[in-house]
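**Student:** Got a structure for you, entry-v4.cif, holding mmCIF, C-alpha atoms.
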```cif
data_input
#
loop_
_atom_site.group_PDB
_atom_site.id
_atom_site.type_symbol
_atom_site.label_atom_id
_atom_site.label_comp_id
_atom_site.auth_asym_id
_atom_site.auth_seq_id
_atom_site.Cartn_x
_atom_site.Cartn_y
_atom_site.Cartn_z
ATOM 1 C CA MET K 1 110.165 79.692 137.078
ATOM 2 C CA LYS K 2 110.741 76.437 138.934
ATOM 3 C CA ALA K 3 112.834 74.078 136.815
ATOM 4 C CA ILE K 4 112.014 70.370 136.663
ATOM 5 C CA SER K 5 114.648 68.226 138.351
ATOM 6 C CA PHE K 6 115.660 64.809 137.048
ATOM 7 C CA ASP K 7 117.505 61.968 138.767
ATOM 8 C CA ASN K 8 119.110 61.129 135.454
ATOM 9 C CA GLN K 9 121.901 63.655 134.799
ATOM 10 C CA SER K 10 121.742 63.235 131.030
ATOM 11 C CA ALA K 11 117.991 63.901 131.090
ATOM 12 C CA GLN K 12 118.637 67.009 133.154
ATOM 13 C CA ARG K 13 121.122 68.294 130.593
ATOM 14 C CA VAL K 14 118.758 67.599 127.685
ATOM 15 C CA TYR K 15 115.928 69.387 129.521
ATOM 16 C CA ASN K 16 118.130 72.396 130.416
ATOM 17 C CA ASP K 17 119.313 72.650 126.841
ATOM 18 C CA TYR K 18 115.733 72.506 125.494
ATOM 19 C CA MET K 19 114.555 75.252 127.868
ATOM 20 C CA GLN K 20 117.556 77.372 126.885
ATOM 21 C CA ARG K 21 116.566 77.022 123.229
ATOM 22 C CA CYS K 22 113.019 78.063 124.162
ATOM 23 C CA ARG K 23 114.401 81.133 125.934
ATOM 24 C CA ARG K 24 116.368 82.087 122.827
ATOM 25 C CA ALA K 25 113.369 81.469 120.541
ATOM 26 C CA THR K 26 111.210 83.811 122.645
ATOM 27 C CA SER K 27 113.805 86.520 123.305
ATOM 28 C CA ILE K 28 111.972 88.937 120.981
ATOM 29 C CA LEU K 29 108.851 88.936 123.200
ATOM 30 C CA SER K 30 108.104 91.193 126.157
ATOM 31 C CA GLU K 31 109.293 89.811 129.503
ATOM 32 C CA LYS K 32 105.697 89.014 130.526
ATOM 33 C CA ASP K 33 104.808 87.168 127.286
ATOM 34 C CA ARG K 34 108.113 85.331 127.339
ATOM 35 C CA GLU K 35 107.621 84.151 130.910
ATOM 36 C CA ASP K 36 104.097 83.045 130.035
ATOM 37 C CA VAL K 37 105.303 80.908 127.096
ATOM 38 C CA LEU K 38 108.200 79.377 129.047
ATOM 39 C CA LEU K 39 105.997 78.556 132.038
ATOM 40 C CA GLU K 40 103.499 76.801 129.784
ATOM 41 C CA ILE K 41 106.172 74.702 128.028
ATOM 42 C CA ASN K 42 107.664 73.793 131.397
ATOM 43 C CA SER K 43 104.223 72.893 132.704
ATOM 44 C CA HIS K 44 103.498 70.753 129.621
ATOM 45 C CA ILE K 45 106.749 68.819 130.004
ATOM 46 C CA TYR K 46 106.070 68.291 133.710
ATOM 47 C CA GLU K 47 102.483 67.089 133.140
ATOM 48 C CA PHE K 48 103.610 64.692 130.404
ATOM 49 C CA LEU K 49 106.373 63.256 132.608
ATOM 50 C CA THR K 50 103.954 62.830 135.524
ATOM 51 C CA ALA K 51 101.274 61.153 133.390
ATOM 52 C CA ASN K 52 103.791 58.869 131.659
ATOM 53 C CA ASN K 53 105.922 58.015 134.636
ATOM 54 C CA THR K 54 108.341 55.256 133.639
ATOM 55 C CA LYS K 55 111.683 54.057 134.927
ATOM 56 C CA ASP K 56 113.434 55.499 131.925
ATOM 57 C CA GLN K 57 113.228 59.260 132.527
ATOM 58 C CA MET K 58 115.350 59.978 129.495
ATOM 59 C CA GLU K 59 113.035 58.125 127.126
ATOM 60 C CA THR K 60 109.927 59.832 128.510
ATOM 61 C CA LEU K 61 111.609 63.230 128.255
ATOM 62 C CA LEU K 62 112.698 62.551 124.683
ATOM 63 C CA ASN K 63 109.121 61.502 123.847
ATOM 64 C CA VAL K 64 107.632 64.765 125.087
ATOM 65 C CA LEU K 65 110.368 66.882 123.479
ATOM 66 C CA ASP K 66 109.805 64.984 120.258
ATOM 67 C CA ARG K 67 106.103 65.821 120.416
ATOM 68 C CA LEU K 68 106.848 69.465 121.180
ATOM 69 C CA GLY K 69 109.314 69.702 118.298
ATOM 70 C CA ALA K 70 112.229 72.097 117.810
ATOM 71 C CA PRO K 71 111.489 75.303 119.778
ATOM 72 C CA GLU K 72 112.649 77.450 116.847
ATOM 73 C CA GLU K 73 109.847 75.911 114.720
ATOM 74 C CA THR K 74 107.157 75.134 117.305
ATOM 75 C CA LEU K 75 107.260 78.570 118.910
ATOM 76 C CA LYS K 76 107.298 80.486 115.626
ATOM 77 C CA ASP K 77 103.495 80.776 115.391
ATOM 78 C CA ILE K 78 103.079 81.537 119.098
ATOM 79 C CA VAL K 79 105.780 84.228 119.017
ATOM 80 C CA ALA K 80 104.296 85.734 115.832
ATOM 81 C CA ALA K 81 100.760 85.784 117.326
ATOM 82 C CA LYS K 82 101.936 87.309 120.607
ATOM 83 C CA LYS K 83 104.075 89.866 118.770
ATOM 84 C CA ILE K 84 101.087 91.075 116.720
ATOM 85 C CA GLY K 85 99.145 91.482 119.954
ATOM 86 C CA GLN K 86 102.007 93.472 121.479
ATOM 87 C CA ALA K 87 102.402 95.660 118.356
ATOM 88 C CA THR K 88 98.689 96.540 118.140
ATOM 89 C CA LEU K 89 98.484 97.227 121.869
ATOM 90 C CA THR K 90 101.595 99.375 122.269
ATOM 91 C CA PHE K 91 101.688 101.169 118.878
ATOM 92 C CA ASN K 92 105.483 100.874 119.268
ATOM 93 C CA PRO K 93 107.211 100.991 115.824
ATOM 94 C CA LYS K 94 109.907 98.540 117.019
ATOM 95 C CA HIS K 95 107.326 95.878 117.916
ATOM 96 C CA LEU K 96 105.402 96.663 114.759
ATOM 97 C CA ILE K 97 108.331 96.013 112.428
ATOM 98 C CA GLN K 98 109.291 92.864 114.377
ATOM 99 C CA ALA K 99 105.708 91.561 114.034
ATOM 100 C CA LEU K 100 105.731 92.296 110.307
ATOM 101 C CA VAL K 101 109.061 90.555 109.717
ATOM 102 C CA LEU K 102 107.974 87.542 111.805
ATOM 103 C CA ASN K 103 104.761 87.217 109.812
ATOM 104 C CA LEU K 104 106.267 88.025 106.430
ATOM 105 C CA THR K 105 106.249 84.387 105.393
ATOM 106 C CA ASN K 106 102.609 83.915 106.424
ATOM 107 C CA GLY K 107 101.052 85.574 103.417
ATOM 108 C CA VAL K 108 100.947 88.267 100.785
ATOM 109 C CA ILE K 109 99.139 90.667 103.118
ATOM 110 C CA TYR K 110 102.225 90.873 105.301
ATOM 111 C CA PHE K 111 104.343 91.636 102.268
ATOM 112 C CA ILE K 112 101.997 94.532 101.475
ATOM 113 C CA LEU K 113 102.210 95.647 105.090
ATOM 114 C CA PHE K 114 105.976 95.462 104.957
ATOM 115 C CA VAL K 115 106.080 97.649 101.825
ATOM 116 C CA LEU K 116 103.762 100.125 103.567
ATOM 117 C CA PHE K 117 106.141 100.187 106.498
ATOM 118 C CA LEU K 118 109.046 101.031 104.170
ATOM 119 C CA PHE K 119 106.991 104.016 102.940
ATOM 120 C CA GLU K 120 106.356 104.856 106.566
ATOM 121 C CA ILE K 121 110.101 105.121 107.127
ATOM 122 C CA ALA K 122 110.633 107.129 103.907
ATOM 123 C CA PHE K 123 108.343 110.050 104.826
ATOM 124 C CA PRO K 124 110.158 111.123 108.032
ATOM 125 C CA ILE K 125 113.466 110.868 106.152
ATOM 126 C CA LEU K 126 112.076 113.186 103.455
ATOM 127 C CA ILE K 127 110.932 115.662 106.127
ATOM 128 C CA ILE K 128 114.490 115.817 107.507
ATOM 129 C CA LEU K 129 115.914 116.174 103.998
ATOM 130 C CA LYS K 130 113.428 118.990 103.300
ATOM 131 C CA LEU K 131 114.819 120.899 106.294
ATOM 132 C CA ILE K 132 118.399 120.403 105.115
ATOM 133 C CA TYR K 133 117.857 120.826 101.340
ATOM 134 C CA PRO K 134 114.616 122.809 100.992
ATOM 135 C CA ASP K 135 115.035 123.362 97.233
ATOM 136 C CA HIS K 136 115.722 119.719 96.387
ATOM 137 C CA VAL K 137 112.848 118.059 98.256
ATOM 138 C CA GLY K 138 109.175 118.396 97.394
ATOM 139 C CA LEU K 139 106.425 117.442 94.982
ATOM 140 C CA PHE K 140 107.906 118.145 91.555
ATOM 141 C CA ILE K 141 105.983 118.199 88.318
ATOM 142 C CA ASN K 142 107.468 118.608 84.887
ATOM 143 C CA SER K 143 106.103 120.040 81.659
ATOM 144 C CA ASN K 144 104.945 116.563 80.548
ATOM 145 C CA GLY K 145 102.678 116.214 83.600
ATOM 146 C CA ALA K 146 104.865 113.542 85.239
ATOM 147 C CA PHE K 147 105.486 113.977 88.967
ATOM 148 C CA GLN K 148 107.928 113.027 91.659
ATOM 149 C CA TYR K 149 107.477 113.154 95.425
ATOM 150 C CA GLY K 150 110.824 113.152 97.164
ATOM 151 C CA TYR K 151 114.414 114.256 96.737
ATOM 152 C CA MET K 152 115.786 115.584 93.478
ATOM 153 C CA SER K 153 119.189 116.953 92.628
ATOM 154 C CA GLU K 154 120.590 117.973 89.293
ATOM 155 C CA SER K 155 122.432 114.694 88.908
ATOM 156 C CA GLY K 156 119.733 112.296 90.124
ATOM 157 C CA SER K 157 116.565 111.829 92.122
ATOM 158 C CA GLY K 158 114.978 109.703 94.834
ATOM 159 C CA GLY K 159 111.378 109.259 95.868
ATOM 160 C CA ILE K 160 107.999 108.251 94.440
ATOM 161 C CA SER K 161 108.257 108.976 90.755
ATOM 162 C CA ILE K 162 105.900 108.353 87.866
ATOM 163 C CA GLY K 163 107.176 108.818 84.284
ATOM 164 C CA PHE K 164 109.629 111.441 85.401
ATOM 165 C CA HIS K 165 112.447 112.696 83.220
ATOM 166 C CA SER K 166 114.741 115.219 84.831
ATOM 167 C CA HIS K 167 115.509 116.862 81.472
ATOM 168 C CA ALA K 168 112.085 118.512 81.213
ATOM 169 C CA LYS K 169 111.178 121.791 82.958
ATOM 170 C CA VAL K 170 110.412 121.160 86.615
ATOM 171 C CA THR K 171 108.141 122.991 89.086
ATOM 172 C CA GLU K 172 107.756 122.307 92.817
ATOM 173 C CA LEU K 173 104.122 122.421 93.943
ATOM 174 C CA LEU K 174 103.926 122.075 97.723
ATOM 175 C CA GLY K 175 106.538 124.524 99.029
ATOM 176 C CA SER K 176 106.322 124.862 102.811
ATOM 177 C CA TRP K 177 103.284 122.544 102.808
ATOM 178 C CA PHE K 178 105.577 119.621 102.036
ATOM 179 C CA ILE K 179 106.318 118.894 105.730
ATOM 180 C CA PRO K 180 102.686 118.911 106.979
ATOM 181 C CA VAL K 181 101.555 116.849 103.955
ATOM 182 C CA SER K 182 104.354 114.283 104.514
ATOM 183 C CA LEU K 183 103.618 114.146 108.230
ATOM 184 C CA LEU K 184 99.914 113.602 107.632
ATOM 185 C CA THR K 185 100.634 110.906 105.013
ATOM 186 C CA ALA K 186 102.994 109.127 107.423
ATOM 187 C CA VAL K 187 100.334 109.186 110.170
ATOM 188 C CA LEU K 188 97.676 107.879 107.760
ATOM 189 C CA ILE K 189 99.954 105.042 106.573
ATOM 190 C CA TYR K 190 100.751 104.159 110.193
ATOM 191 C CA LEU K 191 97.069 104.016 111.121
ATOM 192 C CA GLY K 192 96.466 101.989 107.953
ATOM 193 C CA ILE K 193 99.122 99.451 108.999
ATOM 194 C CA ILE K 194 97.596 99.121 112.477
ATOM 195 C CA PHE K 195 94.120 98.736 110.969
ATOM 196 C CA LEU K 196 95.293 96.033 108.516
ATOM 197 C CA LEU K 197 97.117 94.195 111.318
ATOM 198 C CA LYS K 198 93.931 94.132 113.390
ATOM 199 C CA ILE K 199 91.998 92.686 110.439
ATOM 200 C CA VAL K 200 94.693 90.037 109.899
ATOM 201 C CA LYS K 201 94.666 89.191 113.605
ATOM 202 C CA LYS K 202 90.880 88.695 113.517
ATOM 203 C CA ASN K 203 91.042 86.582 110.378
ATOM 204 C CA LYS K 204 93.705 84.325 111.893
ATOM 205 C CA THR K 205 91.189 82.929 114.372
ATOM 206 C CA LYS K 206 88.616 82.153 111.664
ATOM 207 C CA MET J 1 89.223 53.505 96.797
ATOM 208 C CA LYS J 2 91.813 56.224 97.239
ATOM 209 C CA VAL J 3 92.653 55.509 100.870
ATOM 210 C CA GLU J 4 95.380 58.145 101.055
ATOM 211 C CA PHE J 5 93.061 60.836 99.665
ATOM 212 C CA ILE J 6 90.342 59.952 102.197
ATOM 213 C CA GLU J 7 92.834 59.966 105.053
ATOM 214 C CA ASN J 8 94.147 63.396 104.043
ATOM 215 C CA TRP J 9 90.611 64.678 103.832
ATOM 216 C CA HIS J 10 89.831 63.278 107.306
ATOM 217 C CA SER J 11 92.884 65.053 108.676
ATOM 218 C CA GLN J 12 91.974 68.395 107.056
ATOM 219 C CA PHE J 13 88.341 68.052 108.118
ATOM 220 C CA ARG J 14 89.229 67.414 111.745
ATOM 221 C CA LYS J 15 91.836 70.192 111.751
ATOM 222 C CA GLY J 16 89.188 72.616 110.505
ATOM 223 C CA LEU J 17 86.903 71.568 113.314
ATOM 224 C CA LEU J 18 89.618 71.813 115.984
ATOM 225 C CA PRO J 19 88.535 75.203 117.417
ATOM 226 C CA MET J 20 85.014 73.795 117.825
ATOM 227 C CA PHE J 21 86.356 70.651 119.555
ATOM 228 C CA VAL J 22 88.343 72.863 121.945
ATOM 229 C CA PHE J 23 85.221 74.902 122.758
ATOM 230 C CA ILE J 24 83.085 71.748 123.253
ATOM 231 C CA ILE J 25 85.534 70.296 125.773
ATOM 232 C CA LEU J 26 86.071 73.590 127.587
ATOM 233 C CA GLU J 27 82.323 74.107 127.830
ATOM 234 C CA LYS J 28 82.203 71.053 130.107
ATOM 235 C CA LYS J 29 85.247 71.900 132.241
ATOM 236 C CA LYS J 30 88.358 74.053 132.327
ATOM 237 C CA CYS J 31 91.530 72.300 131.130
ATOM 238 C CA TYR J 32 95.275 72.850 130.921
ATOM 239 C CA GLY J 33 97.123 72.202 127.656
ATOM 240 C CA TYR J 34 98.256 68.624 128.213
ATOM 241 C CA GLU J 35 94.827 67.633 129.559
ATOM 242 C CA LEU J 36 93.116 69.218 126.561
ATOM 243 C CA ILE J 37 95.247 67.186 124.146
ATOM 244 C CA GLN J 38 94.274 63.988 125.984
ATOM 245 C CA ASP J 39 90.573 64.899 126.062
ATOM 246 C CA ILE J 40 90.513 65.732 122.345
ATOM 247 C CA LYS J 41 92.096 62.331 121.707
ATOM 248 C CA VAL J 42 89.475 60.502 123.787
ATOM 249 C CA GLU J 43 86.419 62.469 122.656
ATOM 250 C CA PHE J 44 87.196 63.031 118.975
ATOM 251 C CA ASP J 45 89.892 60.482 118.189
ATOM 252 C CA ILE J 46 92.393 63.149 117.084
ATOM 253 C CA ASP J 47 96.002 63.215 118.167
ATOM 254 C CA VAL J 48 96.496 66.953 117.950
ATOM 255 C CA GLY J 49 100.107 68.088 118.068
ATOM 256 C CA GLU J 50 101.343 70.574 120.648
ATOM 257 C CA GLY J 51 102.633 72.736 117.797
ATOM 258 C CA THR J 52 99.060 73.024 116.498
ATOM 259 C CA LEU J 53 97.131 73.319 119.749
ATOM 260 C CA TYR J 54 99.146 75.942 121.644
ATOM 261 C CA PRO J 55 99.220 78.594 118.863
ATOM 262 C CA LEU J 56 95.450 78.040 118.494
ATOM 263 C CA LEU J 57 94.927 78.548 122.241
ATOM 264 C CA VAL J 58 97.004 81.762 122.115
ATOM 265 C CA ARG J 59 94.900 83.135 119.235
ATOM 266 C CA LEU J 60 91.562 82.156 120.804
ATOM 267 C CA ALA J 61 92.618 83.738 124.096
ATOM 268 C CA LYS J 62 93.752 86.933 122.329
ATOM 269 C CA GLU J 63 90.319 87.122 120.694
ATOM 270 C CA GLY J 64 88.702 86.882 124.120
ATOM 271 C CA LEU J 65 87.025 83.549 123.336
ATOM 272 C CA LEU J 66 89.012 81.702 126.013
ATOM 273 C CA SER J 67 90.042 82.895 129.469
ATOM 274 C CA PRO J 68 93.412 81.504 130.552
ATOM 275 C CA GLN J 69 94.379 81.514 134.188
ATOM 276 C CA TRP J 70 97.480 80.300 135.981
ATOM 277 C CA GLU J 71 96.875 78.116 139.028
ATOM 278 C CA GLU J 72 99.579 77.202 141.507
ATOM 279 C CA GLN J 73 100.115 73.471 142.134
ATOM 280 C CA PRO J 74 101.635 71.604 145.118
ATOM 281 C CA SER J 75 104.492 70.565 142.802
ATOM 282 C CA GLY J 76 105.504 74.246 142.445
ATOM 283 C CA ILE J 77 104.955 74.043 138.685
ATOM 284 C CA PRO J 78 101.739 75.925 137.921
ATOM 285 C CA ARG J 79 99.140 74.911 135.356
ATOM 286 C CA LYS J 80 97.592 77.286 132.862
ATOM 287 C CA TYR J 81 93.892 76.480 132.833
ATOM 288 C CA TYR J 82 91.768 77.544 129.881
ATOM 289 C CA SER J 83 88.033 78.107 130.206
ATOM 290 C CA ILE J 84 85.534 79.250 127.612
ATOM 291 C CA SER J 85 84.378 82.870 127.883
ATOM 292 C CA SER J 86 80.779 83.998 127.377
ATOM 293 C CA GLU J 87 81.781 85.272 123.920
ATOM 294 C CA GLY J 88 83.334 81.859 123.226
ATOM 295 C CA LYS J 89 80.050 80.196 124.178
ATOM 296 C CA SER J 90 78.136 82.358 121.684
ATOM 297 C CA VAL J 91 80.708 81.497 118.998
ATOM 298 C CA LEU J 92 80.325 77.794 119.806
ATOM 299 C CA ALA J 93 76.519 78.052 119.550
ATOM 300 C CA SER J 94 76.895 79.690 116.142
ATOM 301 C CA MET J 95 79.413 77.007 115.061
ATOM 302 C CA LYS J 96 77.043 74.216 116.111
ATOM 303 C CA THR J 97 74.157 75.782 114.175
ATOM 304 C CA TYR J 98 76.314 76.106 111.071
ATOM 305 C CA ALA J 99 77.743 72.568 111.362
ATOM 306 C CA GLY J 100 74.208 71.245 111.922
ATOM 307 C CA SER J 101 72.886 72.928 108.784
ATOM 308 C CA ILE J 102 75.788 71.530 106.726
ATOM 309 C CA LEU J 103 75.170 68.002 108.054
ATOM 310 C CA LYS J 104 71.466 68.344 107.294
ATOM 311 C CA LYS J 105 72.234 69.295 103.689
ATOM 312 C CA ILE J 106 74.654 66.364 103.357
ATOM 313 C CA ASN J 107 72.033 63.925 104.599
ATOM 314 C CA GLU J 108 69.219 65.281 102.447
#
```
As structure tokens, how would this structure be written, given the file I've shared?

**Tutor:**
Amino acid sequence: MKAISFDNQSAQRVYNDYMQRCRRATSILSEKDREDVLLEINSHIYEFLTANNTKDQMETLLNVLDRLGAPEETLKDIVAAKKIGQATLTFNPKHLIQALVLNLTNGVIYFILFVLFLFEIAFPILIILKLIYPDHVGLFINSNGAFQYGYMSESGSGGISIGFHSHAKVTELLGSWFIPVSLLTAVLIYLGIIFLLKIVKKNKTK
Amino acid sequence: MKVEFIENWHSQFRKGLLPMFVFIILEKKKCYGYELIQDIKVEFDIDVGEGTLYPLLVRLAKEGLLSPQWEEQPSGIPRKYYSISSEGKSVLASMKTYAGSILKKINE
């Protein structure tokens, strides 16, 4: 990217510092998206300076930077929008969780998505635990009809539990089916997250 | 009269119409970001902030309603020109029909 050069040294330093802040604010994006955002900001500053050419370069620069606002705030929406695009295109869990965290403050739907993602992480962990402790992980049901999906030891338990009391007689229902069922659930939740993200992305333009 | 209330309503009303204003301008000619801000100001008397316009352009482009394209300039600093896509034109037509029907009801 070609940097704008200023005769005024102070203006040059202010501009360099602003672009550096933009680079930091977009560091989470892919190299291509990041370059695209930076080029457009640079272009905007250049066009503004050219159209409002005055003797006082510093004042004109400060005017355009003032209009653009703090990069950390101004670029938040752009970064969030581009990150959703990247997450839905690549199906990469890293981009997906970054997009969810970035958009967490934008509405309740993202909170729901975030909770779904936590479940998404829990299922693979349970699969690993099932391999290590086959007798302690599964779908347990007790004599009162309450159930628990997850890890259970004699001293405590962890997982999805409804009205479960470890004192009652416990039976494990899934056996060796636990791993395929967990895997399938994790895949379904993942597809659900992607589907919800696509709906959110469409609604954002309405 | 509640001047402040009316002014707030004007601002919200124009903000809601912003995607349509962008489409109307881009239907006439392709524009880069700074130029678009100036044209919106002249045509619709709205001083839209960069922090509002650019995220909107990103979303409209991601939806395939706008087609952005970088063009090299003699200065060495390229411009990103936005033009309206054929899908964007259909959306604009639908927006105009809807806005027209609302205006008709208001004036009845």

**Student:** How close does chain J get to chain K? List, as JSON lines, each residue of chain J within 8 Å, its nearest atom pair and the distance in Å to one decimal, counting all atoms listed in the file.

**Tutor:**
```
{"residue": "J:Gly33", "atom": "CA", "partner": "K:His44", "partner_atom": "CA", "distance": 6.8}
{"residue": "J:Tyr34", "atom": "CA", "partner": "K:His44", "partner_atom": "CA", "distance": 5.8}
{"residue": "J:Gly49", "atom": "CA", "partner": "K:Arg67", "partner_atom": "CA", "distance": 6.8}
{"residue": "J:Glu50", "atom": "CA", "partner": "K:Leu68", "partner_atom": "CA", "distance": 5.6}
{"residue": "J:Gly51", "atom": "CA", "partner": "K:Thr74", "partner_atom": "CA", "distance": 5.1}
{"residue": "J:Tyr54", "atom": "CA", "partner": "K:Ile78", "partner_atom": "CA", "distance": 7.3}
{"residue": "J:Pro55", "atom": "CA", "partner": "K:Ile78", "partner_atom": "CA", "distance": 4.9}
{"residue": "J:Leu56", "atom": "CA", "partner": "K:Thr205", "partner_atom": "CA", "distance": 7.7}
{"residue": "J:Val58", "atom": "CA", "partner": "K:Ile78", "partner_atom": "CA", "distance": 6.8}
{"residue": "J:Arg59", "atom": "CA", "partner": "K:Thr205", "partner_atom": "CA", "distance": 6.1}
{"residue": "J:Leu60", "atom": "CA", "partner": "K:Thr205", "partner_atom": "CA", "distance": 6.5}
{"residue": "J:Lys62", "atom": "CA", "partner": "K:Gly85", "partner_atom": "CA", "distance": 7.4}
{"residue": "J:Glu63", "atom": "CA", "partner": "K:Lys202", "partner_atom": "CA", "distance": 7.4}
{"residue": "J:Gly76", "atom": "CA", "partner": "K:Lys2", "partner_atom": "CA", "distance": 6.7}
{"residue": "J:Ile77", "atom": "CA", "partner": "K:Ser43", "partner_atom": "CA", "distance": 6.1}
{"residue": "J:Pro78", "atom": "CA", "partner": "K:Ser43", "partner_atom": "CA", "distance": 6.5}
{"residue": "J:Arg79", "atom": "CA", "partner": "K:Ser43", "partner_atom": "CA", "distance": 6.1}
{"residue": "J:Lys80", "atom": "CA", "partner": "K:Glu40", "partner_atom": "CA", "distance": 6.7}
```

**Student:** Take the residues from that selection and put them in a file with C-alpha atoms, as a JSON list (two decimals), in the frame of the given file.

**Tutor:**
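Generated file (result_12.json):
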```json
[["chain", "number", "residue", "atom", "x", "y", "z"],
["J", 33, "GLY", "CA", 97.12, 72.20, 127.66],
["J", 34, "TYR", "CA", 98.26, 68.62, 128.21],
["J", 49, "GLY", "CA", 100.11, 68.09, 118.07],
["J", 50, "GLU", "CA", 101.34, 70.57, 120.65],
["J", 51, "GLY", "CA", 102.63, 72.74, 117.80],
["J", 54, "TYR", "CA", 99.15, 75.94, 121.64],
["J", 55, "PRO", "CA", 99.22, 78.59, 118.86],
["J", 56, "LEU", "CA", 95.45, 78.04, 118.49],
["J", 58, "VAL", "CA", 97.00, 81.76, 122.12],
["J", 59, "ARG", "CA", 94.90, 83.14, 119.24],
["J", 60, "LEU", "CA", 91.56, 82.16, 120.80],
["J", 62, "LYS", "CA", 93.75, 86.93, 122.33],
["J", 63, "GLU", "CA", 90.32, 87.12, 120.69],
["J", 76, "GLY", "CA", 105.50, 74.25, 142.44],
["J", 77, "ILE", "CA", 104.96, 74.04, 138.68],
["J", 78, "PRO", "CA", 101.74, 75.92, 137.92],
["J", 79, "ARG", "CA", 99.14, 74.91, 135.36],
["J", 80, "LYS", "CA", 97.59, 77.29, 132.86]]
```

**Student:** Please compute the atom CA of Cys31 of chain J-atom CA of Pro19 of chain J distance, one decimal, in Å.

**Tutor:**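 These two atoms are separated by 14.3 Å.
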
**Student:** Can you spell out as a count of residues only the set of residues that the PyMOL selection byres ((chain K and resi 175-181) around 9) selects in the structure I just provided?

**Tutor:** 19

**Student:** Leaving out segment 92-95 of chain J and any residue of its chain fewer than 6 positions from it, which residues lie within 12 Å of it when counting all atoms listed in the file, given as a PyMOL selection string?

**Tutor:** (chain K and resi 206) or (chain J and resi 16-27+65-66+84-86+101-102)

**Student:** Quick one: everything within 12 Å of Gln12 of chain K, counting all atoms listed in the file, minus sequence neighbours fewer than 4 positions away in the same chain. Send it as an mmCIF file with C-alpha atoms, keeping the file's coordinate frame.

**Tutor:**
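This is the output file selection_31.cif:
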```
data_model
loop_
_atom_site.group_PDB
_atom_site.id
_atom_site.type_symbol
_atom_site.label_atom_id
_atom_site.label_comp_id
_atom_site.auth_asym_id
_atom_site.auth_seq_id
_atom_site.Cartn_x
_atom_site.Cartn_y
_atom_site.Cartn_z
ATOM 1 C CA ALA K 3 112.834 74.078 136.815
ATOM 2 C CA ILE K 4 112.014 70.370 136.663
ATOM 3 C CA SER K 5 114.648 68.226 138.351
ATOM 4 C CA PHE K 6 115.660 64.809 137.048
ATOM 5 C CA ASP K 7 117.505 61.968 138.767
ATOM 6 C CA ASN K 8 119.110 61.129 135.454
ATOM 7 C CA ASN K 16 118.130 72.396 130.416
ATOM 8 C CA ASP K 17 119.313 72.650 126.841
ATOM 9 C CA TYR K 18 115.733 72.506 125.494
ATOM 10 C CA MET K 19 114.555 75.252 127.868
ATOM 11 C CA GLN K 57 113.228 59.260 132.527
ATOM 12 C CA MET K 58 115.350 59.978 129.495
ATOM 13 C CA LEU K 61 111.609 63.230 128.255
ATOM 14 C CA LEU K 62 112.698 62.551 124.683
#
```

**Student:** Could you put an axis-aligned box around every listed atom of segment 59-74 of chain K, padded by 4 Å on each side, and send me its centre and edge lengths in Å to one decimal, as lines of an AutoDock Vina configuration file?

**Tutor:**
```
center_x = 109.6
center_y = 67.8
center_z = 121.6
size_x = 14.9
size_y = 27.3
size_z = 21.8
```

**Student:** The PyMOL selection byres ((chain K and resi 193) around 10) on the file shown: which residues, as number ranges by chain?

**Tutor:** K: 88, 96, 100, 110, 112-114, 116-117, 120, 187-192, 194-199

**Student:** Taking the point (110.6, 115.3, 95.1) as given in the file, collect each protein or nucleic acid residue that comes within 7 Å of it, counting only C-alpha atoms, and present the set as a PDB file with C-alpha atoms, keeping the file's coordinate frame.

**Tutor:**
```
ATOM      1  CA  HIS K 136     115.722 119.719  96.387  1.00  0.00           C
ATOM      2  CA  VAL K 137     112.848 118.059  98.256  1.00  0.00           C
ATOM      3  CA  GLY K 138     109.175 118.396  97.394  1.00  0.00           C
ATOM      4  CA  LEU K 139     106.425 117.442  94.982  1.00  0.00           C
ATOM      5  CA  PHE K 140     107.906 118.145  91.555  1.00  0.00           C
ATOM      6  CA  GLN K 148     107.928 113.027  91.659  1.00  0.00           C
ATOM      7  CA  TYR K 149     107.477 113.154  95.425  1.00  0.00           C
ATOM      8  CA  GLY K 150     110.824 113.152  97.164  1.00  0.00           C
ATOM      9  CA  TYR K 151     114.414 114.256  96.737  1.00  0.00           C
ATOM     10  CA  MET K 152     115.786 115.584  93.478  1.00  0.00           C
ATOM     11  CA  GLY K 159     111.378 109.259  95.868  1.00  0.00           C
TER      12      GLY K 159
END
```

**Student:** Please list as number ranges by chain every residue within 9 Å of His95 of chain K, counting all atoms listed in the file and excluding residues in the same chain fewer than 2 positions away.

**Tutor:** K: 28-29, 83-84, 86-88, 90-93, 97-100

**Student:** Hey, can you check how far atom CA of Asp33 of chain K sits from atom CA of Asp66 of chain K?

**Tutor:**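 Atom CA of Asp33 of chain K sits 23.8 Å away from atom CA of Asp66 of chain K.
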
**Student:** Run the PyMOL selection byres ((chain K and resi 143) around 8) against the file shown and list the residues it catches, as a ChimeraX atom specification.

**Tutor:** /K:141-142,144-146,168-170

**Student:** How many Å separate atom CA of Leu102 of chain K from atom CA of Ser83 of chain J?

**Tutor:** 28.7 Å
